[in-house]
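For reference, work_17.cif is printed below; it contains mmCIF, C-alpha atoms and all ligand atoms.
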data_coords
loop_
_atom_site.label_atom_id
_atom_site.label_comp_id
_atom_site.auth_asym_id
_atom_site.auth_seq_id
_atom_site.Cartn_x
_atom_site.Cartn_y
_atom_site.Cartn_z
CA MET A 1 -12.69 -28.95 -17.43
CA LYS A 2 -11.04 -26.82 -14.77
CA GLU A 3 -11.76 -27.62 -11.15
CA SER A 4 -11.25 -25.41 -8.09
CA ILE A 5 -8.81 -26.83 -5.60
CA ALA A 6 -9.45 -24.01 -3.10
CA PRO A 7 -11.33 -26.32 -0.66
CA VAL A 8 -8.42 -28.79 -0.69
CA LEU A 9 -5.89 -26.02 -0.05
CA GLU A 10 -8.05 -24.57 2.74
CA ARG A 11 -8.31 -27.99 4.37
CA LEU A 12 -4.58 -28.69 4.05
CA SER A 13 -3.79 -25.33 5.56
CA SER A 14 -6.19 -25.74 8.48
CA LEU A 15 -4.96 -29.30 9.19
CA ARG A 16 -1.35 -28.11 9.18
CA ARG A 17 -2.18 -25.22 11.52
CA ALA A 18 -4.16 -27.49 13.85
CA ALA A 19 -1.20 -29.92 14.01
CA LEU A 20 1.20 -27.05 14.78
CA ARG A 21 -1.17 -25.76 17.48
CA ARG A 22 -1.39 -29.25 19.06
CA VAL A 23 2.36 -29.85 19.01
CA ALA A 24 3.08 -26.35 20.37
CA ALA A 25 0.55 -26.86 23.19
CA ASN A 26 2.15 -30.22 24.11
CA LEU A 27 5.50 -28.47 24.34
CA GLU A 28 3.93 -25.53 26.23
CA ILE A 29 4.75 -23.03 23.49
CA GLN A 30 2.33 -20.43 22.20
CA LEU A 31 1.23 -21.03 18.61
CA ILE A 32 2.54 -17.66 17.44
CA HIS A 33 5.95 -18.43 19.00
CA ALA A 34 6.05 -21.79 17.19
CA GLU A 35 5.20 -20.00 13.93
CA ILE A 36 7.98 -17.47 14.47
CA LEU A 37 10.47 -20.24 15.30
CA GLU A 38 9.48 -22.02 12.10
CA TYR A 39 9.80 -18.91 9.95
CA LEU A 40 13.21 -17.97 11.38
CA ALA A 41 14.45 -21.55 10.94
CA LEU A 42 13.43 -21.55 7.27
CA CYS A 43 14.06 -18.00 6.02
CA ASN A 44 17.27 -16.66 4.50
CA HIS A 45 19.39 -13.74 5.66
CA TYR A 46 17.47 -11.20 3.53
CA SER A 47 14.26 -12.14 5.30
CA ASN A 48 14.95 -12.31 9.04
CA THR A 49 13.70 -8.87 10.05
CA PRO A 50 10.78 -8.09 12.41
CA GLN A 51 8.89 -6.53 9.48
CA ALA A 52 9.32 -9.69 7.39
CA VAL A 53 7.89 -11.76 10.28
CA VAL A 54 4.90 -9.36 10.42
CA GLU A 55 4.29 -9.73 6.67
CA TYR A 56 4.87 -13.49 6.47
CA LEU A 57 2.53 -14.28 9.34
CA SER A 58 0.02 -11.52 8.44
CA GLN A 59 -0.04 -10.28 12.03
CA THR A 60 0.07 -6.77 13.45
CA LYS A 61 3.37 -5.08 14.23
CA GLY A 62 2.33 -4.76 17.89
CA SER A 63 1.58 -8.45 18.39
CA ILE A 64 4.79 -9.60 16.65
CA SER A 65 6.86 -7.08 18.57
CA GLN A 66 5.41 -8.34 21.87
CA SER A 67 6.03 -11.98 20.88
CA LEU A 68 9.63 -11.22 19.85
CA LYS A 69 10.28 -9.57 23.22
CA LEU A 70 8.87 -12.58 25.09
CA MET A 71 10.85 -15.01 22.95
CA GLU A 72 14.03 -13.03 23.49
CA GLY A 73 13.38 -13.10 27.25
CA LYS A 74 13.03 -16.89 27.08
CA GLY A 75 16.35 -17.17 25.24
CA LEU A 76 14.77 -18.52 22.02
CA ILE A 77 15.89 -15.74 19.68
CA PHE A 78 18.35 -12.88 19.62
CA ARG A 79 18.46 -9.62 17.70
CA LYS A 80 21.49 -8.00 16.19
CA VAL A 81 22.13 -4.95 14.06
CA SER A 82 22.62 -5.82 10.37
CA LYS A 83 26.21 -5.55 9.13
CA GLU A 84 24.97 -4.17 5.79
CA ASP A 85 22.42 -1.69 7.17
CA LYS A 86 23.05 -0.36 10.68
CA ARG A 87 19.41 0.81 10.96
CA SER A 88 18.08 -2.70 10.42
CA LEU A 89 17.65 -5.35 13.13
CA ARG A 90 18.13 -9.03 12.24
CA LEU A 91 16.61 -11.92 14.15
CA SER A 92 18.22 -15.34 14.67
CA LEU A 93 17.41 -18.46 16.63
CA THR A 94 19.60 -19.19 19.62
CA ALA A 95 20.80 -22.78 20.13
CA LYS A 96 17.84 -23.20 22.52
CA GLY A 97 15.44 -21.78 19.92
CA ARG A 98 16.83 -24.10 17.26
CA ARG A 99 16.39 -27.14 19.57
CA ARG A 100 12.81 -26.04 20.27
CA TRP A 101 12.08 -25.78 16.56
CA GLU A 102 13.62 -29.24 15.97
CA GLN A 103 11.36 -30.70 18.69
CA ILE A 104 8.31 -29.12 17.05
CA SER A 105 9.33 -30.12 13.56
CA GLU A 106 9.95 -33.76 14.55
CA ALA A 107 6.48 -34.00 16.10
CA LEU A 108 4.66 -32.49 13.09
CA PRO A 109 3.14 -34.75 10.42
CA ARG A 110 5.37 -34.96 7.32
CA MET A 111 4.20 -32.88 4.37
CA GLU A 112 6.12 -34.70 1.67
CA VAL A 113 5.09 -36.26 -1.60
CA ALA A 114 6.92 -39.04 -3.44
CA ASP A 115 5.50 -37.92 -6.80
CA ILE A 116 7.50 -34.92 -8.07
CA SER A 117 4.69 -33.98 -10.48
CA VAL A 118 2.47 -33.17 -7.45
CA SER A 119 5.02 -30.79 -6.03
CA ASN A 120 5.58 -29.22 -9.49
CA CYS A 121 1.85 -28.73 -9.83
CA LEU A 122 1.61 -27.02 -6.41
CA GLU A 123 4.58 -24.83 -7.29
CA ARG A 124 2.87 -23.71 -10.51
CA LEU A 125 -0.30 -22.95 -8.57
CA LEU A 126 1.67 -20.85 -6.09
CA GLN A 127 3.38 -19.08 -9.00
CA SER A 128 0.02 -18.32 -10.55
CA LEU A 129 -1.51 -17.03 -7.29
CA GLN A 130 1.56 -15.01 -6.39
CA THR A 131 1.87 -13.35 -9.80
CA GLN A 132 -1.85 -12.47 -9.69
CA GLN A 133 -1.17 -10.68 -6.40
CA GLY A 134 1.84 -8.62 -7.40
CA ASN A 135 4.50 -11.37 -7.51
CA LYS A 136 6.61 -10.51 -4.52
CA GLY A 137 8.12 -12.48 -1.77
CA PHE A 138 8.20 -15.43 0.58
CA SER A 139 8.74 -18.41 -1.67
CA ILE A 140 11.62 -20.85 -1.90
CA CYS A 141 14.79 -19.43 -3.41
CA HIS A 142 15.39 -22.16 -6.01
CA THR A 143 12.16 -21.18 -7.83
CA CYS A 144 13.10 -17.48 -8.07
CA ARG A 145 13.72 -15.79 -11.41
CA TYR A 146 16.96 -14.31 -10.00
CA ASN A 147 18.41 -17.69 -8.98
CA GLU A 148 21.34 -18.46 -11.28
CA SER A 149 22.84 -21.95 -11.26
CA LEU A 150 26.67 -21.91 -11.59
CA ASP A 151 26.99 -25.70 -11.18
CA ASP A 152 25.24 -28.47 -9.20
CA SER A 153 26.11 -26.97 -5.82
CA HIS A 154 26.88 -23.30 -6.48
CA PHE A 155 24.34 -20.63 -7.24
CA ARG A 156 24.16 -16.85 -7.41
CA CYS A 157 21.45 -14.37 -6.57
CA GLY A 158 21.06 -12.21 -9.69
CA LEU A 159 19.36 -9.51 -7.60
CA THR A 160 22.14 -8.95 -5.05
CA GLY A 161 25.11 -10.60 -6.82
CA GLU A 162 25.78 -12.79 -3.74
CA ASP A 163 26.86 -16.41 -4.04
CA LEU A 164 24.36 -18.94 -2.67
CA SER A 165 24.96 -22.46 -1.39
CA LEU A 166 22.64 -25.35 -2.17
CA SER A 167 21.07 -25.01 1.30
CA ASP A 168 20.52 -21.24 0.75
CA THR A 169 18.43 -22.12 -2.30
CA GLN A 170 16.04 -24.18 -0.10
CA LYS A 171 15.20 -21.19 2.11
CA ILE A 172 12.29 -18.77 2.10
CA CYS A 173 13.17 -15.34 0.69
CA ARG A 174 11.26 -12.10 1.10
CA GLU A 175 12.68 -10.81 -2.21
CA HIS A 176 11.59 -13.86 -4.20
CA GLU A 177 9.97 -13.32 -7.59
CA PHE A 178 8.65 -15.96 -9.95
CA ALA A 179 9.36 -15.64 -13.67
CA GLU A 180 6.42 -14.28 -15.69
CA LEU A 181 3.92 -17.02 -16.56
S1 LIG A 201 17.66 -15.60 -5.96
FE1 LIG A 201 15.68 -14.67 -5.43
S2 LIG A 201 14.94 -15.87 -3.72
FE2 LIG A 201 17.13 -16.31 -3.93
S3 LIG A 201 18.16 -14.89 -2.57
FE3 LIG A 201 18.04 -13.89 -4.57
S4 LIG A 201 16.15 -12.68 -4.54
FE4 LIG A 201 16.05 -14.15 -2.86
#

What does this structure look like when you write it as structure tokens?
Ligand code: SF4
Amino acid sequence: MKESIAPVLERLSSLRRAALRRVAANLEIQLIHAEILEYLALCNHYSNTPQAVVEYLSQTKGSISQSLKLMEGKGLIFRKVSKEDKRSLRLSLTAKGRRRWEQISEALPRMEVADISVSNCLERLLQSLQTQQGNKGFSICHTCRYNESLDDSHFRCGLTGEDLSLSDTQKICREHEFAEL
């Protein structure tokens, strides 16, 4: 018999968000700024654009743009023109922004499981949901259909042809696609 796990996922998501809100408030950071710091700390270099932040956090362009300006003013992030595409702006954490994210991350409850089968199960669920909704974007690189393993520590992105390190494969990518189920 199949059982819906939607209530469990809803609860996990709201508990995680409540914890982030609490930690951010203790550190006198707005929730949206903490969410942007988290995203920029975890995303790869294909995914650090203002538009990607808008899409990942499902916020309006106006509110993200305002937050980015404030965060830049506080010295938490900086913007630079992409080397590959001069029309595109890239966002990065400054050293101060990275320290802020580390403070937040250390204070958050761990979301880790010792049983690998639980994480595999969640990954399959994400794959199923994402493919139902057009299969594009914002999952972890090592689960992407384009991720090619060259050896234990060297990988290649089959979409762009770029080499990837092991740590690159742990990042969130906007171009991510799961293999067909
Ligand atoms: S392999 Fe997939 S997830 Fe990884 S960088 Fe390439 S497109 Fe992005």

Within 9 Å of ligand LIG 201 (chain A), counting only C-alpha atoms and all ligand atoms: which residues, as a PyMOL selection string? chain A and resi 44-47+137-148+155-164+168-178

Looking at A:Ser105, A:Lys80, A:Gly97, A:Asn48, which one is nearest to Ala19 in chain A, with distances taken over all atoms listed in the file? A:Ser105

Please, which residues are within 12 Å of (0.6, -19.0, 21.0) by the file's coordinates, counting all atoms listed in the file, and could they come as a PyMOL selection string? chain A and resi 17+20-37+63-64+66-68+70-71

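The interatomic distance for the pair CA of Lys96 in chain A and CA of Leu76 in chain A works out to 5.6 Å.
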
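Straight-line separation from CA of Glu38 in chain A to CA of Ile104 in chain A: 8.7 Å.
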
Which one is closest to Leu129 in chain A: A:Glu180, A:Glu106, A:Gly75, A:Asp152? Count only C-alpha atoms.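 Answer, going by the shortest atom-to-atom distance: A:Glu180.
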
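Comparing A:Glu84, A:Pro7, A:Ala107, A:Pro50 by their smallest distance to Gly62 in chain A, the closest is A:Pro50 (using only C-alpha atoms).
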
With distances taken over all atoms listed in the file, which residue among A:Leu166, A:Ser58, A:Lys83, A:Gly134 lies nearest Ser149 in chain A? A:Leu166

What is the distance between CA of Phe78 in chain A and CA of Ser167 in chain A, in Å to one decimal?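 Answer for the CA of Phe78 in chain A to CA of Ser167 in chain A separation: 22.1 Å.
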
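With distances taken over all atoms listed in the file, A:Ala52 is the one residue among A:Ala52, A:Val8, A:Leu126, A:Val118 lying closest to Ser88 in chain A.
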
Residue with smallest distance to Leu125 in chain A - pool A:Ala6, A:Leu108, A:Trp101, A:Asp151, counting only C-alpha atoms: A:Ala6
